[in-house]
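Text of the file run_21.pdb, holding PDB, C-alpha atoms:
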MODEL        1
ATOM      1  CA  MET A   1     -14.860   1.254  15.032  1.00  0.00           C
ATOM      2  CA  ALA A   2     -14.114  -0.486  18.324  1.00  0.00           C
ATOM      3  CA  ALA A   3     -10.542  -1.503  19.126  1.00  0.00           C
ATOM      4  CA  ASP A   4     -11.513  -5.155  19.605  1.00  0.00           C
ATOM      5  CA  VAL A   5     -12.782  -5.569  16.023  1.00  0.00           C
ATOM      6  CA  THR A   6     -10.851  -8.158  14.021  1.00  0.00           C
ATOM      7  CA  ALA A   7      -9.231  -7.347  10.675  1.00  0.00           C
ATOM      8  CA  LEU A   8     -11.768  -9.692   9.057  1.00  0.00           C
ATOM      9  CA  GLU A   9     -14.671  -7.746  10.573  1.00  0.00           C
ATOM     10  CA  ALA A  10     -13.103  -4.406   9.665  1.00  0.00           C
ATOM     11  CA  ALA A  11     -12.551  -5.512   6.051  1.00  0.00           C
ATOM     12  CA  GLY A  12     -16.206  -6.522   5.787  1.00  0.00           C
ATOM     13  CA  PHE A  13     -17.264  -3.183   7.295  1.00  0.00           C
ATOM     14  CA  TYR A  14     -15.156  -1.268   4.774  1.00  0.00           C
ATOM     15  CA  ILE A  15     -16.378  -3.291   1.779  1.00  0.00           C
ATOM     16  CA  GLY A  16     -19.951  -2.650   2.894  1.00  0.00           C
ATOM     17  CA  ARG A  17     -19.236   1.073   2.612  1.00  0.00           C
ATOM     18  CA  GLY A  18     -17.721   0.872  -0.865  1.00  0.00           C
ATOM     19  CA  LEU A  19     -14.081   0.981   0.259  1.00  0.00           C
ATOM     20  CA  HIS A  20     -11.271  -1.328  -0.860  1.00  0.00           C
ATOM     21  CA  PRO A  21      -9.433  -2.927   2.088  1.00  0.00           C
ATOM     22  CA  LEU A  22      -6.147  -4.766   1.704  1.00  0.00           C
ATOM     23  CA  PRO A  23      -4.020  -6.749   4.136  1.00  0.00           C
ATOM     24  CA  SER A  24      -0.537  -5.761   5.248  1.00  0.00           C
ATOM     25  CA  PRO A  25       1.760  -7.858   7.413  1.00  0.00           C
ATOM     26  CA  SER A  26       1.415  -7.254  11.129  1.00  0.00           C
ATOM     27  CA  ARG A  27       3.400  -4.256  12.401  1.00  0.00           C
ATOM     28  CA  GLU A  28       4.112  -3.082   8.834  1.00  0.00           C
ATOM     29  CA  LYS A  29       2.516  -0.347   6.764  1.00  0.00           C
ATOM     30  CA  ALA A  30       3.215  -1.530   3.231  1.00  0.00           C
ATOM     31  CA  PRO A  31       1.242  -4.349   1.622  1.00  0.00           C
ATOM     32  CA  LYS A  32       3.286  -7.255   0.287  1.00  0.00           C
ATOM     33  CA  LEU A  33       0.794  -8.523  -2.288  1.00  0.00           C
ATOM     34  CA  GLU A  34       1.805  -8.363  -5.915  1.00  0.00           C
ATOM     35  CA  ASN A  35      -0.294  -5.886  -7.912  1.00  0.00           C
ATOM     36  CA  TRP A  36      -2.070  -4.686  -4.737  1.00  0.00           C
ATOM     37  CA  PRO A  37      -3.229  -1.369  -6.269  1.00  0.00           C
ATOM     38  CA  ALA A  38      -5.573  -3.365  -8.508  1.00  0.00           C
ATOM     39  CA  LEU A  39      -6.948  -5.486  -5.636  1.00  0.00           C
ATOM     40  CA  ARG A  40     -10.713  -5.100  -5.234  1.00  0.00           C
ATOM     41  CA  LEU A  41     -11.845  -7.692  -2.691  1.00  0.00           C
ATOM     42  CA  THR A  42     -15.417  -8.896  -2.555  1.00  0.00           C
ATOM     43  CA  ALA A  43     -17.084  -9.912   0.702  1.00  0.00           C
ATOM     44  CA  ALA A  44     -16.667 -13.569  -0.330  1.00  0.00           C
ATOM     45  CA  GLU A  45     -12.889 -13.146  -0.809  1.00  0.00           C
ATOM     46  CA  VAL A  46     -12.212 -11.370   2.504  1.00  0.00           C
ATOM     47  CA  PRO A  47     -11.703 -14.552   4.614  1.00  0.00           C
ATOM     48  CA  ARG A  48      -8.930 -15.677   2.226  1.00  0.00           C
ATOM     49  CA  TYR A  49      -6.944 -12.491   2.864  1.00  0.00           C
ATOM     50  CA  PHE A  50      -7.948 -11.875   6.510  1.00  0.00           C
ATOM     51  CA  ASN A  51      -7.746 -15.411   7.890  1.00  0.00           C
ATOM     52  CA  GLY A  52      -7.061 -14.742  11.578  1.00  0.00           C
ATOM     53  CA  ALA A  53      -3.287 -14.400  11.232  1.00  0.00           C
ATOM     54  CA  PRO A  54      -1.933 -11.146  12.709  1.00  0.00           C
ATOM     55  CA  SER A  55      -2.497  -8.483  10.090  1.00  0.00           C
ATOM     56  CA  ASN A  56      -2.804  -4.782   9.528  1.00  0.00           C
ATOM     57  CA  ILE A  57      -5.510  -3.453   7.276  1.00  0.00           C
ATOM     58  CA  GLY A  58      -5.166  -0.690   4.735  1.00  0.00           C
ATOM     59  CA  ILE A  59      -7.566   1.075   2.419  1.00  0.00           C
ATOM     60  CA  ILE A  60      -6.760   1.785  -1.228  1.00  0.00           C
ATOM     61  CA  LEU A  61      -6.787   5.547  -1.765  1.00  0.00           C
ATOM     62  CA  GLY A  62      -7.205   7.418  -5.027  1.00  0.00           C
ATOM     63  CA  ASP A  63      -9.750   4.871  -6.151  1.00  0.00           C
ATOM     64  CA  GLU A  64     -12.460   5.347  -8.760  1.00  0.00           C
ATOM     65  CA  TYR A  65     -14.579   7.147  -6.138  1.00  0.00           C
ATOM     66  CA  GLY A  66     -11.900   9.681  -5.202  1.00  0.00           C
ATOM     67  CA  LEU A  67     -11.115   8.367  -1.717  1.00  0.00           C
ATOM     68  CA  ALA A  68      -8.550  10.564   0.049  1.00  0.00           C
ATOM     69  CA  ASP A  69      -7.035  10.539   3.556  1.00  0.00           C
ATOM     70  CA  VAL A  70      -5.945  13.628   5.445  1.00  0.00           C
ATOM     71  CA  ASP A  71      -3.161  12.167   7.600  1.00  0.00           C
ATOM     72  CA  LEU A  72      -2.474  14.364  10.635  1.00  0.00           C
ATOM     73  CA  ASP A  73       1.136  13.459  11.418  1.00  0.00           C
ATOM     74  CA  CYS A  74       1.825  16.492  13.573  1.00  0.00           C
ATOM     75  CA  PRO A  75       0.460  16.070  17.132  1.00  0.00           C
ATOM     76  CA  GLU A  76      -0.579  19.727  17.210  1.00  0.00           C
ATOM     77  CA  ALA A  77      -2.819  19.212  14.147  1.00  0.00           C
ATOM     78  CA  ILE A  78      -5.126  16.618  15.699  1.00  0.00           C
ATOM     79  CA  PRO A  79      -6.876  18.839  18.278  1.00  0.00           C
ATOM     80  CA  VAL A  80      -7.430  21.690  15.781  1.00  0.00           C
ATOM     81  CA  ALA A  81      -8.462  19.566  12.780  1.00  0.00           C
ATOM     82  CA  GLY A  82     -12.140  20.297  13.390  1.00  0.00           C
ATOM     83  CA  GLU A  83     -11.473  24.004  12.885  1.00  0.00           C
ATOM     84  CA  PHE A  84      -9.940  23.484   9.425  1.00  0.00           C
ATOM     85  CA  LEU A  85     -11.265  20.244   7.936  1.00  0.00           C
ATOM     86  CA  PRO A  86     -14.799  19.625   6.678  1.00  0.00           C
ATOM     87  CA  GLU A  87     -16.887  17.192   8.709  1.00  0.00           C
ATOM     88  CA  THR A  88     -16.562  13.544   7.796  1.00  0.00           C
ATOM     89  CA  ALA A  89     -18.155  10.392   9.148  1.00  0.00           C
ATOM     90  CA  MET A  90     -14.891   8.443   8.809  1.00  0.00           C
ATOM     91  CA  VAL A  91     -12.218   9.447  11.308  1.00  0.00           C
ATOM     92  CA  PHE A  92      -9.829   6.974  12.889  1.00  0.00           C
ATOM     93  CA  GLY A  93      -6.352   6.585  14.285  1.00  0.00           C
ATOM     94  CA  ARG A  94      -4.436   4.387  16.667  1.00  0.00           C
ATOM     95  CA  LYS A  95      -3.933   4.438  20.405  1.00  0.00           C
ATOM     96  CA  SER A  96      -0.981   6.849  20.210  1.00  0.00           C
ATOM     97  CA  ALA A  97      -2.670   9.175  17.683  1.00  0.00           C
ATOM     98  CA  PRO A  98      -6.471   8.906  17.827  1.00  0.00           C
ATOM     99  CA  ALA A  99      -8.441  10.809  15.182  1.00  0.00           C
ATOM    100  CA  SER A 100      -5.314  11.285  13.074  1.00  0.00           C
ATOM    101  CA  HIS A 101      -6.887  10.158   9.785  1.00  0.00           C
ATOM    102  CA  HIS A 102      -9.881  11.873   8.166  1.00  0.00           C
ATOM    103  CA  PHE A 103     -11.316  10.288   5.020  1.00  0.00           C
ATOM    104  CA  TYR A 104     -13.067  12.167   2.212  1.00  0.00           C
ATOM    105  CA  ARG A 105     -14.369  11.568  -1.302  1.00  0.00           C
ATOM    106  CA  CYS A 106     -12.999  13.965  -3.919  1.00  0.00           C
ATOM    107  CA  ASP A 107     -15.266  14.984  -6.771  1.00  0.00           C
ATOM    108  CA  PRO A 108     -14.007  14.607  -9.385  1.00  0.00           C
ATOM    109  CA  PRO A 109     -11.702  11.751  -8.369  1.00  0.00           C
ATOM    110  CA  VAL A 110      -7.995  12.581  -8.556  1.00  0.00           C
TER     111      VAL A 110
ENDMDL
END
Would you mind writing the file's structure down as structure tokens?
Amino acid sequence: MAADVTALEAAGFYIGRGLHPLPSPSREKAPKLENWPALRLTAAEVPRYFNGAPSNIGIILGDEYGLADVDLDCPEAIPVAGEFLPETAMVFGRKSAPASHHFYRCDPPV
């Protein structure tokens, strides 16, 4: 996904792929919403949560579809990930650590 995509656009993209996005305050990792693990936004609800205010976006893991994230925290792991991890169509990161997250579906869900 392009770097200039808004959180609103990203949330819609994720929902369209069966993922569960959730907002987090800008420059923070943890969501502040009460009962956020149960949050399952619909496309119609996204503008209420991603309203143009600075925001991070997260994805609920361990959902009913078995979504899992391989988080490559070690800088040496990123360039060799392709040698050890199965292919996936969902890889992302941030400017300082591109391709540091690889998403998979576990079957059966954990």
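Here the PyMOL selection byres ((chain A and resi 13) around 12) catches exactly these residues: Met1, Ala2, Val5, Thr6, Ala7, Leu8, Glu9, Ala10, Ala11, Gly12, Tyr14, Ile15, Gly16, Arg17, Gly18, Leu19, His20, Pro21, Thr42, Ala43, Val46, Ile57, Ile59 and Met90 of chain A.
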**OP:** Would you kindly translate the PyMOL selection byres ((chain A and resi 97) around 12) into the concrete residues it picks from this file, as a PyMOL selection string?
**Re:** chain A and resi 71-79+91-96+98-101
**OP:** Counting only C-alpha atoms, figure out which residue out of A:Thr88, A:Glu28, A:Asp107, A:Leu33 gets nearest to Pro54 in chain A.
**Re:** A:Glu28
Picked residues, the PyMOL selection byres ((chain A and resi 105) around 7), expected as a CSV table (one decimal) with C-alpha atoms, in the coordinates of the input:
chain,number,residue,atom,x,y,z
A,65,TYR,CA,-14.6,7.1,-6.1
A,66,GLY,CA,-11.9,9.7,-5.2
A,67,LEU,CA,-11.1,8.4,-1.7
A,68,ALA,CA,-8.6,10.6,0.0
A,104,TYR,CA,-13.1,12.2,2.2
A,106,CYS,CA,-13.0,14.0,-3.9
A,107,ASP,CA,-15.3,15.0,-6.8
Subject >> Nearby residues, (3.3, -3.0, 12.4) file frame, 12 Å, only C-alpha atoms, as number ranges by chain >> reply: A: 23-31, 54-58, 94
Original post:
Taking all atoms listed in the file into account, which of A:Ala89, A:Pro108, A:His102, A:Phe84 comes nearest Val70 in chain A?
Top reply: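 Closest to Val70 in chain A of all the choices is A:His102.
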Original post:
For Leu85 in chain A, which residue out of A:Glu45, A:Glu34, A:Asp69, A:Asp4 is the nearest one, using only C-alpha atoms?
Top reply: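 Once distances to Leu85 in chain A are computed over only C-alpha atoms, the minimum belongs to A:Asp69.
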Subject >> Proximity to Leu41 in chain A - best of A:Leu22, A:Gly62, A:Ala53, A:Gly82, only C-alpha atoms >> reply: A:Leu22
**OP:** Kindly give the distance, in Å, that separates CA of Glu64 in chain A and CA of Val110 in chain A, rounded to a single decimal.
**Re:**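 Pair CA of Glu64 in chain A / CA of Val110 in chain A returns 8.5 Å.
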**OP:** Using CA of Ala81 in chain A and CA of Phe103 in chain A as the two end points, give the distance in Å to one decimal.
**Re:**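 These atoms are spaced 12.4 Å apart.
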**OP:** Enter the distance from CA of Asn51 in chain A to CA of Pro37 in chain A, in Å, rounded to one decimal.
**Re:** 20.4 Å
Please write out, as AutoDock Vina command-line options, where the centre of an axis-aligned box around all listed atoms of range 69-80 of chain A lies and how long its edges are, in Å to one decimal, after adding 8 Å on each side.
--center_x -2.8 --center_y 16.1 --center_z 10.9 --size_x 25.3 --size_y 27.2 --size_z 30.7
